[in-house]
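> Sharing a structure here in structure tokens format.
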Amino acid sequence: MTTTDTTPRLRADARRNRDRIISAAQAVFTERGTEVPMEEVARSAGVGVGTLYRRFPDRDSLIRAVAQDAFATVLEDTRATIEQEPDAWTALSQIMHRGLALRTVVRLTVLSSRARALINADPNTEAVNKQFLQLVGDLVRRAQADGKLRDDISTGDIAVLSGLALQGMQALPEELRSLAPARYIAVLLDGLRAENSRPLPGRPIEADEVVIRTPEIEL
């Protein structure tokens with residue numbers, strides 16, 4: 001009698017289902033809010049409700065997974081950009097543009113106080129924030145040493161500016177949200193160039209002074 005080990009295939013199927021559920025939840029949650037019936041998320045993912053609940057036993061676990069997936073994407077893209085782009089200023093510019101994947105998280109927290117509380121309380125949020133700021137901090141120092149980034153800017157400034165841009169875009173009408181990000185990040189980058197030497201008021205904000213929490217935003 002011949003037996004066939006189906007475990008790898010089952011694991012692959014489970015992974016695909018999980019990815020489909022997270023992708024569907026991201027789309028549904030960001031469009032309609034996190035209180036959408038779980039049956040609709042399952043339907044959008046093309047899986048049964050039982051499959052959804054096996055992967056995510058409750059709504060909170062699914063919300064956290066959507067946020068964690070967005071954070072993981074940002075970290076993965078950041079590391080890949082640093083590896084592929086030797087010029088620190090160019091890498092920093094690309095990361096600020098690509099970091100717009102965090103719009104998913106910002107949109108969730110705009111639509112749902114429940115999501116905001118879950119994401120802020122998740123230890124993964126703080127861990128990702130720390131890793132991201134360390135990567136960006138190295139780029140900031142290198143770009144300044146190259147004479148391309150103004151000297152009166154620090155890593156915390158970059159984090160705050162990026163966060164302000166992301167939050168502000170959520171208040172725009174839906175049809176403008178796809179146009180605004182690249183436009184306004186480009187404006188921010190122009191202001192960060194070393195040739196813009198007019199002194200800034202105050203002092204640079206350091207990374208360890210920044211505690212990123214998703215805020216309440218009025219739409």
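Numbering starts fresh at 1 for the residues of each chain in the structure tokens, the chains themselves are lettered A, B, ... in the order given, and ligands are numbered from 1 as they appear.
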Would you mind listing what lies within 8 Å of stretch 46-50 of chain A as a list of chain:residue names, with only C-alpha atoms counted and same-chain residues fewer than 4 positions away left out?
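That gives A:Asn17, A:Arg20, A:Ile21, A:Met38, A:Glu39, A:Ala42, A:Arg54.
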> Would you put the residues from that selection into a file with all heavy atoms, as a PDB file, in the first residue's frame?

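Wrote it out as selection_18.pdb, contents follow:
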```pdb
ATOM      1  N   ASN A  17      -4.971  30.418   1.827  1.00  0.00           N
ATOM      2  CA  ASN A  17      -6.241  30.872   2.385  1.00  0.00           C
ATOM      3  C   ASN A  17      -6.033  32.046   3.339  1.00  0.00           C
ATOM      4  O   ASN A  17      -6.799  33.013   3.324  1.00  0.00           O
ATOM      5  CB  ASN A  17      -6.947  29.728   3.110  1.00  0.00           C
ATOM      6  CG  ASN A  17      -7.587  28.743   2.155  1.00  0.00           C
ATOM      7  OD1 ASN A  17      -7.871  29.076   1.000  1.00  0.00           O
ATOM      8  ND2 ASN A  17      -7.805  27.529   2.620  1.00  0.00           N
ATOM      9  N   ARG A  20      -5.304  35.144   1.351  1.00  0.00           N
ATOM     10  CA  ARG A  20      -6.509  35.629   0.680  1.00  0.00           C
ATOM     11  C   ARG A  20      -7.447  36.325   1.658  1.00  0.00           C
ATOM     12  O   ARG A  20      -8.053  37.353   1.343  1.00  0.00           O
ATOM     13  CB  ARG A  20      -7.227  34.468  -0.013  1.00  0.00           C
ATOM     14  CG  ARG A  20      -6.494  33.934  -1.238  1.00  0.00           C
ATOM     15  CD  ARG A  20      -6.990  32.573  -1.649  1.00  0.00           C
ATOM     16  NE  ARG A  20      -8.375  32.591  -2.110  1.00  0.00           N
ATOM     17  CZ  ARG A  20      -9.042  31.501  -2.469  1.00  0.00           C
ATOM     18  NH1 ARG A  20      -8.446  30.314  -2.393  1.00  0.00           N
ATOM     19  NH2 ARG A  20     -10.276  31.600  -2.895  1.00  0.00           N
ATOM     20  N   ILE A  21      -7.551  35.780   2.856  1.00  0.00           N
ATOM     21  CA  ILE A  21      -8.422  36.385   3.866  1.00  0.00           C
ATOM     22  C   ILE A  21      -7.888  37.747   4.282  1.00  0.00           C
ATOM     23  O   ILE A  21      -8.642  38.725   4.374  1.00  0.00           O
ATOM     24  CB  ILE A  21      -8.549  35.459   5.090  1.00  0.00           C
ATOM     25  CG1 ILE A  21      -9.334  34.192   4.716  1.00  0.00           C
ATOM     26  CG2 ILE A  21      -9.237  36.181   6.246  1.00  0.00           C
ATOM     27  CD1 ILE A  21      -9.256  33.096   5.756  1.00  0.00           C
ATOM     28  N   MET A  38     -18.288  39.216   9.219  1.00  0.00           N
ATOM     29  CA  MET A  38     -17.185  38.329   8.850  1.00  0.00           C
ATOM     30  C   MET A  38     -17.551  37.475   7.638  1.00  0.00           C
ATOM     31  O   MET A  38     -16.686  37.070   6.861  1.00  0.00           O
ATOM     32  CB  MET A  38     -16.804  37.449  10.035  1.00  0.00           C
ATOM     33  CG  MET A  38     -16.277  38.229  11.235  1.00  0.00           C
ATOM     34  SD  MET A  38     -14.615  38.889  10.965  1.00  0.00           S
ATOM     35  CE  MET A  38     -13.617  37.528  11.594  1.00  0.00           C
ATOM     36  N   GLU A  39     -18.846  37.192   7.467  1.00  0.00           N
ATOM     37  CA  GLU A  39     -19.290  36.423   6.301  1.00  0.00           C
ATOM     38  C   GLU A  39     -18.944  37.141   5.001  1.00  0.00           C
ATOM     39  O   GLU A  39     -18.619  36.507   3.999  1.00  0.00           O
ATOM     40  CB  GLU A  39     -20.808  36.177   6.382  1.00  0.00           C
ATOM     41  CG  GLU A  39     -21.244  35.220   7.484  1.00  0.00           C
ATOM     42  CD  GLU A  39     -21.323  35.881   8.846  1.00  0.00           C
ATOM     43  OE1 GLU A  39     -21.080  37.108   8.933  1.00  0.00           O
ATOM     44  OE2 GLU A  39     -21.618  35.172   9.830  1.00  0.00           O
ATOM     45  N   ALA A  42     -15.263  36.629   4.297  1.00  0.00           N
ATOM     46  CA  ALA A  42     -15.059  35.276   3.767  1.00  0.00           C
ATOM     47  C   ALA A  42     -15.482  35.201   2.313  1.00  0.00           C
ATOM     48  O   ALA A  42     -14.779  34.615   1.471  1.00  0.00           O
ATOM     49  CB  ALA A  42     -15.839  34.270   4.607  1.00  0.00           C
ATOM     50  N   ARG A  54     -11.199  29.396  11.413  1.00  0.00           N
ATOM     51  CA  ARG A  54     -10.070  28.536  11.784  1.00  0.00           C
ATOM     52  C   ARG A  54      -8.766  29.331  11.773  1.00  0.00           C
ATOM     53  O   ARG A  54      -7.878  29.101  12.584  1.00  0.00           O
ATOM     54  CB  ARG A  54      -9.967  27.335  10.843  1.00  0.00           C
ATOM     55  CG  ARG A  54     -10.928  26.204  11.187  1.00  0.00           C
ATOM     56  CD  ARG A  54     -10.546  24.921  10.480  1.00  0.00           C
ATOM     57  NE  ARG A  54     -10.635  25.036   9.034  1.00  0.00           N
ATOM     58  CZ  ARG A  54     -11.745  24.843   8.328  1.00  0.00           C
ATOM     59  NH1 ARG A  54     -12.881  24.545   8.959  1.00  0.00           N
ATOM     60  NH2 ARG A  54     -11.748  24.953   7.014  1.00  0.00           N
TER      61      ARG A  54
END
```
> Going by DSSP on the backbone, which bits of chain A are helix (DSSP H, G or I)? Write them as a PyMOL selection string, please.
chain A and resi 7-32+38-45+49-55+59-84+88-111+113-121+123-145+155-169+174-176+180-192+207-209
> In Å to one decimal, how far is atom CA of A:Met96 from atom CA of A:Leu176?
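A separation of 19.0 Å between them.
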> Name the closest residue to A:Ile119 among the candidates A:Val66, A:Leu200, A:Ala182, A:Ile22; distances are taken between atoms, counting only C-alpha atoms.
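The closest residue to A:Ile119 is A:Val66.
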> Looking at only C-alpha atoms, which of A:Glu31, A:Asp190, A:Asp69, A:Glu195 is the one that sits closest to A:Val128?
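The shortest atom-to-atom distance to A:Val128 comes from A:Asp69.
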> Which residue out of A:Ala143, A:Val105, A:Leu62, A:Leu189 has the minimum interatomic distance to A:Trp89 when only C-alpha atoms are used?
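Result for the nearest residue to A:Trp89: A:Ala143.
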> Between A:Ser23, A:Gln144, A:Thr104, A:Ser154, single out the one closest to A:Ala88, counting only C-alpha atoms.
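Among the listed residues, A:Gln144 lies closest to A:Ala88.
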> Pick out the residues sitting within 10 Å of A:Ala67, and hand them over as JSON, numbers by chain; count only C-alpha atoms, and ignore anything fewer than 3 positions along from it in its own chain.
{"A": [22, 26, 62, 63, 64, 70, 71, 72, 73, 102, 104, 105, 106, 108, 109, 115, 118, 119, 122, 124, 125]}
> Have a look at atom CA of A:Ile158 and atom CA of A:Pro123 and let me know their distance in Å, one decimal.
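So the answer is 22.4 Å.
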> Might you pull out every residue within 8 Å of A:Arg193, with only C-alpha atoms counted and same-chain residues fewer than 4 positions away left off, and present them as a PDB file with all heavy atoms, in the first residue's frame?

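See around.pdb below for the written result:
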```pdb
ATOM      1  N   LYS A 148      23.517  65.520   1.022  1.00  0.00           N
ATOM      2  CA  LYS A 148      22.259  65.577   0.265  1.00  0.00           C
ATOM      3  C   LYS A 148      21.040  65.863   1.134  1.00  0.00           C
ATOM      4  O   LYS A 148      20.013  66.328   0.637  1.00  0.00           O
ATOM      5  CB  LYS A 148      22.060  64.266  -0.501  1.00  0.00           C
ATOM      6  CG  LYS A 148      23.125  64.027  -1.555  1.00  0.00           C
ATOM      7  CD  LYS A 148      22.866  62.742  -2.338  1.00  0.00           C
ATOM      8  CE  LYS A 148      23.922  62.538  -3.411  1.00  0.00           C
ATOM      9  NZ  LYS A 148      23.692  61.301  -4.195  1.00  0.00           N
ATOM     10  N   LEU A 149      21.132  65.557   2.414  1.00  0.00           N
ATOM     11  CA  LEU A 149      20.038  65.806   3.352  1.00  0.00           C
ATOM     12  C   LEU A 149      20.457  66.908   4.307  1.00  0.00           C
ATOM     13  O   LEU A 149      21.579  66.885   4.832  1.00  0.00           O
ATOM     14  CB  LEU A 149      19.713  64.529   4.133  1.00  0.00           C
ATOM     15  CG  LEU A 149      18.675  64.643   5.255  1.00  0.00           C
ATOM     16  CD1 LEU A 149      17.286  64.958   4.693  1.00  0.00           C
ATOM     17  CD2 LEU A 149      18.617  63.338   6.056  1.00  0.00           C
ATOM     18  N   ARG A 150      19.576  67.868   4.544  1.00  0.00           N
ATOM     19  CA  ARG A 150      19.920  68.984   5.417  1.00  0.00           C
ATOM     20  C   ARG A 150      20.325  68.490   6.806  1.00  0.00           C
ATOM     21  O   ARG A 150      19.807  67.488   7.304  1.00  0.00           O
ATOM     22  CB  ARG A 150      18.773  69.983   5.486  1.00  0.00           C
ATOM     23  CG  ARG A 150      17.438  69.425   5.891  1.00  0.00           C
ATOM     24  CD  ARG A 150      16.325  70.456   5.730  1.00  0.00           C
ATOM     25  NE  ARG A 150      16.656  71.702   6.411  1.00  0.00           N
ATOM     26  CZ  ARG A 150      16.162  72.895   6.066  1.00  0.00           C
ATOM     27  NH1 ARG A 150      15.312  73.000   5.053  1.00  0.00           N
ATOM     28  NH2 ARG A 150      16.499  73.976   6.743  1.00  0.00           N
ATOM     29  N   LEU A 189      10.024  65.902   0.424  1.00  0.00           N
ATOM     30  CA  LEU A 189      11.412  65.579   0.083  1.00  0.00           C
ATOM     31  C   LEU A 189      12.156  66.808  -0.419  1.00  0.00           C
ATOM     32  O   LEU A 189      13.342  66.992  -0.102  1.00  0.00           O
ATOM     33  CB  LEU A 189      11.445  64.457  -0.962  1.00  0.00           C
ATOM     34  CG  LEU A 189      11.093  63.069  -0.427  1.00  0.00           C
ATOM     35  CD1 LEU A 189      10.840  62.101  -1.578  1.00  0.00           C
ATOM     36  CD2 LEU A 189      12.217  62.543   0.460  1.00  0.00           C
TER      37      LEU A 189
END
```
